[in-house]
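Accompanying notes for the structure given below.
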Amino acid sequence: MLKVYKYTLIDLARNKFVGGWLLLLLAITLGLFQLEDQPVKAMLSLSQVLLALVPLVASVFSIVYLYDAMEFTELLAVQPLHRSKILGGQVLALATALVLGALAGAGIPLMLFHPGGASLTLLLACIMLTLVFTAIGALIAIRNREKARGVGLGLVVWFLFVLVYDAILLWVMFAFSDYPIEPLIVPLAALDPIDLGRIMVLLKVDLAAMMGYSGAVYEKFFGSARGILLALAALMAWVAVPAALGFRAFSRKDF
Amino acid sequence: MNKLRACCRVAALLPLLWAAGPLGARTWTVDATGPNKRISVAVASAADGDTIRVLAGTYREGTITIDRRLALVGVGRPLIDGGEQGDVVVINAPGTTLRGFRITGTLVSNINDNAGIKVTKADSVSIIDNIVEHCFFAIHVASSRNTVIERNQVLGDPKAPETRMGNGIHLWHCAGAEILDNISQDHRDGIYFEFVTDSHIRRNKSLRNSRYGLHFMFSHRDTYSDNTFSGNGAGVAVMYSKEVDMRRNKFIRNRGASSYGLLLKEINDAVIDSNQFNDNTTAILLDGCNRLEVIGNVFQGNGWALRLFSNSMTCHFEANSFTGNTFDLSTNGDPKYNSFSGNYWDRYRGYDLDRNGTGDVPFRPLSLFALVNERMPYAVVLSRSLLTQLLDQAERLIPSMTPEGLEDAKPLMKSPHGSIGL
């Protein structure tokens, strides 16, 4: 597995897209910090951009990369190698490259211009979202034979999580506002990884408002350090489930 | 320390100066290790206008009642321990001064409101430079005029349950009081005013009190300036009062569902000028307020900067800075009879083509999401999501649900308070 990981990573290092992603992040982050006179405001704008952009790039890039590497994968598959090790090496290398890109592109400027807990939380959310959407991307790439279809599906999933799910959630809140649905809201929000990442950041920057509502679940969730830990745990589940499904599909795949 | 020594010297000279004086005022000295051990004996033998010096040491005499016009001066901060028998020092005589003591040992009682220092029906009493520690009520003044409470430290017991906590500085039915440079912490209410008029509260710090940092009701024509209210259970509550003047106070980190930087209920003709609101769940709640001038305040990093209930009228907001708040304004209806003009809003995205410092298009401070949140408080989990951003943008372009007239026609392009970091 280590060998597959190593060669995939070397291949990724030569990939123009990874370098481009790093430069794009660097440009956005530096640009925002120079535009806004207050670092806090820049951090907040940046969090909105990153929380939307990171999942998009992670899923689409991993889908595209896995399709492009299909021949190499097939070549490996005929070797006496365990299939889970092939996929494991590739996906881990993808995740490593994207996380390193995010850390270098957004992490370094963030730590320079606005060091502190909020920036660290944002970075942590970005890393977790990268892992989640790399896993989802891999699952999509394995389950679909056509590249165009896979990329399309990746875009649909991203759109679903970044916008549509929140709209549905808001509609549910409106539609059932006469009922005591308040305990359900946080668990429902946890079904969307992007929401989880956003809530992690909110817990750092908007805690004053978060504490404005005295629902029991909210108090438990937002009242202590437990909120961020729970959100992290949910995000890990979001990595584990698509990854497990992906490995299962890959080990049964007939090339 | 030198000052204190100088004071002592002057105090020591006083009997010489006054011995032959027409008033015949005398100075008595009480010393825990000397022959005159008891303050209450000295009080009983002294006459109006006398001074009693109390030397360093511990005095356990139950309740000490001062029923004549005396100056009690602690030298080297003597400790008066009431031994939990009721009040500790009771002042019933007008013109009395109490200075330089450490006071503790009240009996907790919800019938008598026992206090470390209790002033009842005595005008022009001065309470200066005392430390009141772990008392039920610390300084309790009732039915007195022109009281001066200055440079005292009122330190409650942070571990006591709220049922066993009284107020730090408590004034009831007073007028012309001056509350200056005190620290009041770990009590129920830091400073409590009821039926107190024409008084000044300046440069005090009210911290970590379990209920309100400052709580006042039915108290008219009072001034509050340069105070700090921080980390109190429910912030500051101001109710049913007229012509209140609040300037340059700091309201910091009052968090919780029913916690407010400043809760204003039924306040008329007040001025709220140049105050600073940081990190509160709600910076100012206005409920049934009329003719308020809210000018030049800084609202930074609050959950809600302003919650303006629609029963408030003709309140005017000008030259304030709103930065980093989750919601700048929220309301339960249509507060259209209030006005905003020339404030700085960090959410403003307009332009200033004529370069006159104010934006050319109005700013609408009430976002759609704030309205949604007013109806469904749990929707706060969706804040700063792409969806709510899009909804707010759409609403700003084509207002349909937010009240039409609620806008700042001249939003400032730059904060009048400079750049404010979090």
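Following the order of the structure tokens, first chain is A, next is B, and so on, with residues numbered from 1 inside each chain and ligands from 1 in the order they appear.
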Residues of chain B near chain A: apply a cut-off of 12 Å, count only C-alpha atoms, and supply the list as a PDB file with N, CA and C atoms, in the first residue's frame.
```pdb
ATOM      1  N   ALA B 234     -27.064  38.194  33.698  1.00  0.00           N
ATOM      2  CA  ALA B 234     -28.048  38.693  32.745  1.00  0.00           C
ATOM      3  C   ALA B 234     -27.758  40.120  32.331  1.00  0.00           C
ATOM      4  N   ILE B 252     -19.784  44.064  28.424  1.00  0.00           N
ATOM      5  CA  ILE B 252     -18.930  43.057  27.813  1.00  0.00           C
ATOM      6  C   ILE B 252     -19.337  41.653  28.217  1.00  0.00           C
ATOM      7  N   ARG B 253     -19.461  40.786  27.239  1.00  0.00           N
ATOM      8  CA  ARG B 253     -19.560  39.349  27.466  1.00  0.00           C
ATOM      9  C   ARG B 253     -20.673  38.939  28.429  1.00  0.00           C
ATOM     10  N   ASN B 254     -21.891  39.400  28.137  1.00  0.00           N
ATOM     11  CA  ASN B 254     -23.038  38.943  28.903  1.00  0.00           C
ATOM     12  C   ASN B 254     -23.788  37.964  28.016  1.00  0.00           C
ATOM     13  N   ARG B 255     -23.614  36.675  28.275  1.00  0.00           N
ATOM     14  CA  ARG B 255     -24.099  35.675  27.343  1.00  0.00           C
ATOM     15  C   ARG B 255     -25.157  34.770  27.946  1.00  0.00           C
ATOM     16  N   GLY B 256     -26.108  34.375  27.121  1.00  0.00           N
ATOM     17  CA  GLY B 256     -27.153  33.456  27.549  1.00  0.00           C
ATOM     18  C   GLY B 256     -28.479  33.850  26.915  1.00  0.00           C
ATOM     19  N   ALA B 257     -29.427  32.922  26.972  1.00  0.00           N
ATOM     20  CA  ALA B 257     -30.683  33.145  26.267  1.00  0.00           C
ATOM     21  C   ALA B 257     -31.433  34.356  26.800  1.00  0.00           C
ATOM     22  N   SER B 258     -31.392  34.603  28.101  1.00  0.00           N
ATOM     23  CA  SER B 258     -32.116  35.759  28.633  1.00  0.00           C
ATOM     24  C   SER B 258     -31.128  36.773  29.173  1.00  0.00           C
ATOM     25  N   SER B 259     -29.987  36.878  28.514  1.00  0.00           N
ATOM     26  CA  SER B 259     -28.942  37.777  28.979  1.00  0.00           C
ATOM     27  C   SER B 259     -28.776  38.928  27.991  1.00  0.00           C
ATOM     28  N   TYR B 260     -28.628  40.118  28.513  1.00  0.00           N
ATOM     29  CA  TYR B 260     -28.559  41.288  27.658  1.00  0.00           C
ATOM     30  C   TYR B 260     -27.408  42.172  28.089  1.00  0.00           C
ATOM     31  N   GLY B 261     -26.706  42.749  27.116  1.00  0.00           N
ATOM     32  CA  GLY B 261     -25.772  43.797  27.476  1.00  0.00           C
ATOM     33  C   GLY B 261     -26.555  44.860  28.222  1.00  0.00           C
ATOM     34  N   ASN B 278     -19.545  44.615  23.597  1.00  0.00           N
ATOM     35  CA  ASN B 278     -18.761  43.542  22.983  1.00  0.00           C
ATOM     36  C   ASN B 278     -19.271  42.183  23.426  1.00  0.00           C
ATOM     37  N   ASP B 279     -19.433  41.279  22.464  1.00  0.00           N
ATOM     38  CA  ASP B 279     -19.531  39.871  22.833  1.00  0.00           C
ATOM     39  C   ASP B 279     -20.752  39.493  23.649  1.00  0.00           C
ATOM     40  N   ASN B 280     -21.826  40.285  23.556  1.00  0.00           N
ATOM     41  CA  ASN B 280     -23.034  39.941  24.298  1.00  0.00           C
ATOM     42  C   ASN B 280     -23.969  39.133  23.408  1.00  0.00           C
ATOM     43  N   THR B 281     -24.805  38.293  24.014  1.00  0.00           N
ATOM     44  CA  THR B 281     -25.812  37.609  23.205  1.00  0.00           C
ATOM     45  C   THR B 281     -26.739  38.640  22.565  1.00  0.00           C
ATOM     46  N   THR B 282     -27.295  39.552  23.364  1.00  0.00           N
ATOM     47  CA  THR B 282     -28.039  40.685  22.823  1.00  0.00           C
ATOM     48  C   THR B 282     -27.428  41.945  23.414  1.00  0.00           C
ATOM     49  N   ALA B 283     -26.957  42.861  22.562  1.00  0.00           N
ATOM     50  CA  ALA B 283     -26.316  44.066  23.095  1.00  0.00           C
ATOM     51  C   ALA B 283     -27.358  44.985  23.726  1.00  0.00           C
ATOM     52  N   GLN B 300     -19.894  45.384  18.749  1.00  0.00           N
ATOM     53  CA  GLN B 300     -18.871  44.543  18.140  1.00  0.00           C
ATOM     54  C   GLN B 300     -19.002  43.094  18.596  1.00  0.00           C
ATOM     55  N   GLY B 301     -19.187  42.203  17.646  1.00  0.00           N
ATOM     56  CA  GLY B 301     -19.162  40.777  17.958  1.00  0.00           C
ATOM     57  C   GLY B 301     -20.294  40.283  18.835  1.00  0.00           C
ATOM     58  N   ASN B 302     -21.455  40.948  18.770  1.00  0.00           N
ATOM     59  CA  ASN B 302     -22.596  40.477  19.548  1.00  0.00           C
ATOM     60  C   ASN B 302     -23.437  39.516  18.715  1.00  0.00           C
ATOM     61  N   GLY B 303     -24.247  38.690  19.377  1.00  0.00           N
ATOM     62  CA  GLY B 303     -25.200  37.857  18.653  1.00  0.00           C
ATOM     63  C   GLY B 303     -26.220  38.746  17.952  1.00  0.00           C
ATOM     64  N   TRP B 304     -26.930  39.553  18.723  1.00  0.00           N
ATOM     65  CA  TRP B 304     -27.844  40.551  18.193  1.00  0.00           C
ATOM     66  C   TRP B 304     -27.354  41.905  18.696  1.00  0.00           C
ATOM     67  N   ALA B 305     -27.089  42.843  17.782  1.00  0.00           N
ATOM     68  CA  ALA B 305     -26.680  44.166  18.241  1.00  0.00           C
ATOM     69  C   ALA B 305     -27.890  44.886  18.826  1.00  0.00           C
ATOM     70  N   THR B 323     -20.167  46.134  13.885  1.00  0.00           N
ATOM     71  CA  THR B 323     -19.202  45.257  13.223  1.00  0.00           C
ATOM     72  C   THR B 323     -19.222  43.864  13.849  1.00  0.00           C
ATOM     73  N   GLY B 324     -19.124  42.866  13.004  1.00  0.00           N
ATOM     74  CA  GLY B 324     -18.956  41.489  13.457  1.00  0.00           C
ATOM     75  C   GLY B 324     -20.096  40.931  14.273  1.00  0.00           C
ATOM     76  N   ASN B 325     -21.287  41.524  14.181  1.00  0.00           N
ATOM     77  CA  ASN B 325     -22.427  40.964  14.891  1.00  0.00           C
ATOM     78  C   ASN B 325     -23.088  39.898  14.029  1.00  0.00           C
ATOM     79  N   THR B 326     -23.629  38.859  14.666  1.00  0.00           N
ATOM     80  CA  THR B 326     -24.339  37.850  13.884  1.00  0.00           C
ATOM     81  C   THR B 326     -25.582  38.475  13.246  1.00  0.00           C
ATOM     82  N   PHE B 327     -26.321  39.256  14.028  1.00  0.00           N
ATOM     83  CA  PHE B 327     -27.441  40.027  13.487  1.00  0.00           C
ATOM     84  C   PHE B 327     -27.286  41.473  13.949  1.00  0.00           C
ATOM     85  N   ASP B 328     -27.410  42.422  13.014  1.00  0.00           N
ATOM     86  CA  ASP B 328     -27.306  43.821  13.415  1.00  0.00           C
ATOM     87  C   ASP B 328     -28.600  44.307  14.051  1.00  0.00           C
ATOM     88  N   ASP B 346     -20.944  47.073   8.957  1.00  0.00           N
ATOM     89  CA  ASP B 346     -19.912  46.347   8.202  1.00  0.00           C
ATOM     90  C   ASP B 346     -20.522  45.488   7.103  1.00  0.00           C
ATOM     91  N   ARG B 347     -21.840  45.287   7.118  1.00  0.00           N
ATOM     92  CA  ARG B 347     -22.464  44.507   6.053  1.00  0.00           C
ATOM     93  C   ARG B 347     -22.795  45.365   4.826  1.00  0.00           C
ATOM     94  N   PHE B 369     -33.115  36.830   7.222  1.00  0.00           N
ATOM     95  CA  PHE B 369     -32.783  35.713   8.111  1.00  0.00           C
ATOM     96  C   PHE B 369     -33.003  36.090   9.580  1.00  0.00           C
ATOM     97  N   ALA B 370     -32.784  37.383   9.907  1.00  0.00           N
ATOM     98  CA  ALA B 370     -33.052  37.830  11.280  1.00  0.00           C
ATOM     99  C   ALA B 370     -34.534  37.674  11.593  1.00  0.00           C
ATOM    100  N   VAL B 372     -36.618  35.510  10.090  1.00  0.00           N
ATOM    101  CA  VAL B 372     -36.851  34.063  10.187  1.00  0.00           C
ATOM    102  C   VAL B 372     -36.458  33.575  11.569  1.00  0.00           C
ATOM    103  N   ASN B 373     -35.302  34.080  12.010  1.00  0.00           N
ATOM    104  CA  ASN B 373     -34.779  33.650  13.299  1.00  0.00           C
ATOM    105  C   ASN B 373     -35.640  34.111  14.468  1.00  0.00           C
ATOM    106  N   GLU B 374     -36.294  35.256  14.288  1.00  0.00           N
ATOM    107  CA  GLU B 374     -37.182  35.753  15.343  1.00  0.00           C
ATOM    108  C   GLU B 374     -38.360  34.795  15.530  1.00  0.00           C
ATOM    109  N   ARG B 375     -38.827  34.215  14.416  1.00  0.00           N
ATOM    110  CA  ARG B 375     -39.937  33.263  14.504  1.00  0.00           C
ATOM    111  C   ARG B 375     -39.467  31.889  14.938  1.00  0.00           C
ATOM    112  N   MET B 376     -38.310  31.483  14.443  1.00  0.00           N
ATOM    113  CA  MET B 376     -37.807  30.139  14.753  1.00  0.00           C
ATOM    114  C   MET B 376     -36.370  30.261  15.253  1.00  0.00           C
ATOM    115  N   PRO B 377     -36.204  30.452  16.547  1.00  0.00           N
ATOM    116  CA  PRO B 377     -34.855  30.713  17.072  1.00  0.00           C
ATOM    117  C   PRO B 377     -33.862  29.596  16.762  1.00  0.00           C
ATOM    118  N   TYR B 378     -34.376  28.383  16.595  1.00  0.00           N
ATOM    119  CA  TYR B 378     -33.453  27.274  16.335  1.00  0.00           C
ATOM    120  C   TYR B 378     -32.864  27.335  14.928  1.00  0.00           C
ATOM    121  N   ALA B 379     -33.417  28.211  14.073  1.00  0.00           N
ATOM    122  CA  ALA B 379     -32.856  28.357  12.724  1.00  0.00           C
ATOM    123  C   ALA B 379     -31.454  28.964  12.753  1.00  0.00           C
ATOM    124  N   VAL B 380     -30.997  29.352  13.942  1.00  0.00           N
ATOM    125  CA  VAL B 380     -29.682  29.993  14.034  1.00  0.00           C
ATOM    126  C   VAL B 380     -28.568  29.068  13.530  1.00  0.00           C
ATOM    127  N   VAL B 381     -28.809  27.743  13.498  1.00  0.00           N
ATOM    128  CA  VAL B 381     -27.778  26.834  12.961  1.00  0.00           C
ATOM    129  C   VAL B 381     -27.507  27.108  11.489  1.00  0.00           C
ATOM    130  N   LEU B 382     -28.447  27.749  10.806  1.00  0.00           N
ATOM    131  CA  LEU B 382     -28.240  27.999   9.374  1.00  0.00           C
ATOM    132  C   LEU B 382     -27.513  29.317   9.111  1.00  0.00           C
ATOM    133  N   SER B 383     -27.112  30.028  10.161  1.00  0.00           N
ATOM    134  CA  SER B 383     -26.515  31.331   9.904  1.00  0.00           C
ATOM    135  C   SER B 383     -25.186  31.179   9.174  1.00  0.00           C
ATOM    136  N   ARG B 384     -24.897  32.156   8.354  1.00  0.00           N
ATOM    137  CA  ARG B 384     -23.705  32.190   7.497  1.00  0.00           C
ATOM    138  C   ARG B 384     -23.643  31.051   6.489  1.00  0.00           C
ATOM    139  N   SER B 385     -24.767  30.410   6.205  1.00  0.00           N
ATOM    140  CA  SER B 385     -24.748  29.410   5.136  1.00  0.00           C
ATOM    141  C   SER B 385     -25.021  30.102   3.806  1.00  0.00           C
ATOM    142  N   LEU B 386     -24.669  29.419   2.730  1.00  0.00           N
ATOM    143  CA  LEU B 386     -24.861  29.986   1.396  1.00  0.00           C
ATOM    144  C   LEU B 386     -26.329  30.345   1.183  1.00  0.00           C
ATOM    145  N   LEU B 387     -27.212  29.468   1.670  1.00  0.00           N
ATOM    146  CA  LEU B 387     -28.646  29.671   1.486  1.00  0.00           C
ATOM    147  C   LEU B 387     -29.105  30.988   2.109  1.00  0.00           C
ATOM    148  N   THR B 388     -28.754  31.206   3.383  1.00  0.00           N
ATOM    149  CA  THR B 388     -29.239  32.421   4.033  1.00  0.00           C
ATOM    150  C   THR B 388     -28.600  33.663   3.410  1.00  0.00           C
ATOM    151  N   GLN B 389     -27.356  33.537   2.953  1.00  0.00           N
ATOM    152  CA  GLN B 389     -26.718  34.654   2.257  1.00  0.00           C
ATOM    153  C   GLN B 389     -27.512  35.037   1.018  1.00  0.00           C
ATOM    154  N   LEU B 390     -27.883  34.004   0.245  1.00  0.00           N
ATOM    155  CA  LEU B 390     -28.628  34.263  -0.990  1.00  0.00           C
ATOM    156  C   LEU B 390     -29.985  34.883  -0.676  1.00  0.00           C
ATOM    157  N   LEU B 391     -30.668  34.340   0.350  1.00  0.00           N
ATOM    158  CA  LEU B 391     -31.976  34.879   0.721  1.00  0.00           C
ATOM    159  C   LEU B 391     -31.857  36.343   1.137  1.00  0.00           C
ATOM    160  N   LYS B 414     -17.021  54.589   6.416  1.00  0.00           N
ATOM    161  CA  LYS B 414     -15.964  54.201   7.355  1.00  0.00           C
ATOM    162  C   LYS B 414     -16.485  54.327   8.775  1.00  0.00           C
ATOM    163  N   SER B 415     -15.994  53.468   9.646  1.00  0.00           N
ATOM    164  CA  SER B 415     -16.450  53.513  11.026  1.00  0.00           C
ATOM    165  C   SER B 415     -15.987  54.795  11.699  1.00  0.00           C
ATOM    166  N   GLY B 418     -12.944  54.208  14.057  1.00  0.00           N
ATOM    167  CA  GLY B 418     -11.703  53.615  13.582  1.00  0.00           C
ATOM    168  C   GLY B 418     -11.846  52.125  13.415  1.00  0.00           C
ATOM    169  N   SER B 419     -10.738  51.458  13.188  1.00  0.00           N
ATOM    170  CA  SER B 419     -10.764  50.029  12.989  1.00  0.00           C
ATOM    171  C   SER B 419     -10.795  49.330  14.337  1.00  0.00           C
ATOM    172  N   ILE B 420     -11.773  48.428  14.502  1.00  0.00           N
ATOM    173  CA  ILE B 420     -11.940  47.769  15.792  1.00  0.00           C
ATOM    174  C   ILE B 420     -11.649  46.294  15.621  1.00  0.00           C
ATOM    175  N   GLY B 421     -10.679  45.808  16.324  1.00  0.00           N
ATOM    176  CA  GLY B 421     -10.382  44.377  16.258  1.00  0.00           C
ATOM    177  C   GLY B 421     -11.229  43.606  17.242  1.00  0.00           C
ATOM    178  N   LEU B 422     -11.358  42.314  16.991  1.00  0.00           N
ATOM    179  CA  LEU B 422     -12.192  41.509  17.902  1.00  0.00           C
ATOM    180  C   LEU B 422     -11.384  41.149  19.136  1.00  0.00           C
TER     181      LEU B 422
END
```
**Asked** Which residues in stretch 28-152 of chain A does DSSP call alpha helix (DSSP H)? List them as a PyMOL selection string.
**Response** chain A and resi 28-35+39-68+70-77+83-102+108-113+117-143+147-152
Using only C-alpha atoms, which protein or nucleic acid residues come within 12 Å of B:Arg69? Drop anything in the same chain fewer than 4 positions from it, and give the result as a JSON list (two decimals) with C-alpha atoms, in the first residue's frame.
```json
[["chain", "number", "residue", "atom", "x", "y", "z"],
["B", 25, "ALA", "CA", -15.45, 67.92, 68.73],
["B", 43, "VAL", "CA", -19.85, 55.31, 69.72],
["B", 44, "ALA", "CA", -22.00, 55.37, 72.85],
["B", 46, "ALA", "CA", -19.03, 60.07, 71.64],
["B", 47, "ALA", "CA", -21.10, 63.13, 70.77],
["B", 48, "ASP", "CA", -22.30, 64.51, 67.43],
["B", 49, "GLY", "CA", -19.37, 65.64, 65.28],
["B", 50, "ASP", "CA", -16.73, 63.50, 66.98],
["B", 51, "THR", "CA", -14.21, 61.32, 65.18],
["B", 52, "ILE", "CA", -13.46, 57.73, 66.12],
["B", 65, "THR", "CA", -25.25, 50.88, 65.37],
["B", 91, "ILE", "CA", -25.90, 53.97, 60.23],
["B", 92, "ASN", "CA", -28.96, 55.92, 61.35],
["B", 93, "ALA", "CA", -27.38, 59.35, 61.80],
["B", 94, "PRO", "CA", -27.12, 61.94, 59.00],
["B", 95, "GLY", "CA", -23.66, 63.19, 58.05],
["B", 96, "THR", "CA", -21.83, 60.08, 59.22],
["B", 97, "THR", "CA", -18.63, 58.99, 57.48],
["B", 98, "LEU", "CA", -17.35, 55.41, 57.39],
["B", 122, "ALA", "CA", -29.86, 59.22, 57.17],
["B", 123, "ASP", "CA", -28.89, 61.92, 54.68],
["B", 124, "SER", "CA", -25.37, 62.90, 53.55],
["B", 125, "VAL", "CA", -23.68, 59.73, 54.71],
["B", 126, "SER", "CA", -20.28, 58.96, 53.15]]
```
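Checking B:Ala42, B:Ile267, B:Ile80, B:Leu155 one by one against B:Val244, counting only C-alpha atoms, you find the shortest gap at B:Ile267.
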**Pairwise distance for atom CA of B:Gly83 and atom CA of B:Thr63, rounded to one decimal in Å** = 8.6 Å
**Item:** B:Trp172 surroundings by only C-alpha atoms, 6 Å radius, close-in-sequence under 6 positions cut, as a ChimeraX atom specification
**Value:** /B:142,194-195
Which residues, written as a CSV table (one decimal) with C-alpha atoms, in the first residue's frame, have at least one atom at most 7 Å from A:Pro55, with only C-alpha atoms counted and residues fewer than 3 positions away on the same chain left out?
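Produced file result.csv, reproduced below:
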```csv
chain,number,residue,atom,x,y,z
A,52,ALA,CA,-18.2,25.9,-0.4
A,58,ALA,CA,-12.1,17.7,-3.4
A,59,SER,CA,-14.9,15.7,-4.9
A,129,LEU,CA,-14.3,18.4,4.5
A,130,THR,CA,-11.4,17.5,2.1
A,133,PHE,CA,-15.4,14.7,-0.2
A,158,TRP,CA,-21.9,19.1,-3.9
```
**Request:** Just the residues within 9 Å of A:Leu32, please, counting only C-alpha atoms, with nothing from its chain fewer than 3 positions along; format it as number ranges by chain.
**Result:** A: 27-29, 35-36, 39, 41-43, 45-46
Could you please take those selected residues and save N, CA and C atoms as a PDB file, in the first residue's frame?
```pdb
ATOM      1  N   ALA A  27      -4.322  32.962  -3.475  1.00  0.00           N
ATOM      2  CA  ALA A  27      -4.813  34.220  -4.039  1.00  0.00           C
ATOM      3  C   ALA A  27      -6.059  34.683  -3.297  1.00  0.00           C
ATOM      4  N   ILE A  28      -7.006  33.751  -3.064  1.00  0.00           N
ATOM      5  CA  ILE A  28      -8.248  34.119  -2.380  1.00  0.00           C
ATOM      6  C   ILE A  28      -7.942  34.626  -0.973  1.00  0.00           C
ATOM      7  N   THR A  29      -7.134  33.866  -0.253  1.00  0.00           N
ATOM      8  CA  THR A  29      -6.879  34.207   1.149  1.00  0.00           C
ATOM      9  C   THR A  29      -6.158  35.541   1.271  1.00  0.00           C
ATOM     10  N   LEU A  35      -8.184  43.057   1.184  1.00  0.00           N
ATOM     11  CA  LEU A  35      -9.368  43.864   0.886  1.00  0.00           C
ATOM     12  C   LEU A  35     -10.020  44.377   2.165  1.00  0.00           C
ATOM     13  N   GLU A  36     -10.166  43.482   3.135  1.00  0.00           N
ATOM     14  CA  GLU A  36     -10.887  43.844   4.355  1.00  0.00           C
ATOM     15  C   GLU A  36      -9.938  44.518   5.332  1.00  0.00           C
ATOM     16  N   PRO A  39      -9.195  41.820  10.115  1.00  0.00           N
ATOM     17  CA  PRO A  39      -8.899  40.404   9.864  1.00  0.00           C
ATOM     18  C   PRO A  39     -10.073  39.475  10.185  1.00  0.00           C
ATOM     19  N   LYS A  41     -13.256  40.043   9.745  1.00  0.00           N
ATOM     20  CA  LYS A  41     -14.189  40.045   8.618  1.00  0.00           C
ATOM     21  C   LYS A  41     -13.639  39.204   7.472  1.00  0.00           C
ATOM     22  N   ALA A  42     -12.324  39.347   7.222  1.00  0.00           N
ATOM     23  CA  ALA A  42     -11.700  38.567   6.153  1.00  0.00           C
ATOM     24  C   ALA A  42     -11.830  37.087   6.459  1.00  0.00           C
ATOM     25  N   MET A  43     -11.620  36.735   7.739  1.00  0.00           N
ATOM     26  CA  MET A  43     -11.708  35.332   8.137  1.00  0.00           C
ATOM     27  C   MET A  43     -13.110  34.797   7.877  1.00  0.00           C
ATOM     28  N   SER A  45     -15.416  35.989   5.708  1.00  0.00           N
ATOM     29  CA  SER A  45     -15.656  35.857   4.267  1.00  0.00           C
ATOM     30  C   SER A  45     -14.949  34.620   3.744  1.00  0.00           C
ATOM     31  N   LEU A  46     -13.718  34.438   4.196  1.00  0.00           N
ATOM     32  CA  LEU A  46     -12.921  33.302   3.753  1.00  0.00           C
ATOM     33  C   LEU A  46     -13.601  31.985   4.134  1.00  0.00           C
TER      34      LEU A  46
END
```
**Asked** At what distance in Å, to one decimal, does atom CA of B:Ala177 lie from atom CA of B:Ile128?
**Response** 13.2 Å
**Message:** I'd like the neighbourhood of A:Leu87 as JSON, numbers by chain, where a residue qualifies if any of its atoms comes within 8 Å (using only C-alpha atoms), though same-chain residues fewer than 4 positions away should be ignored.
**Reply:** {"A": [83, 91, 247, 250]}
**Request:** Determine which residues of stretch 160-219 of chain B DSSP labels as strand (DSSP E or B) from the backbone of this structure, then write them out as an MDAnalysis selection string.
**Result:** chainID B and resid 169:175 178:180 183:185 191:197 200:202 205:207 214:217
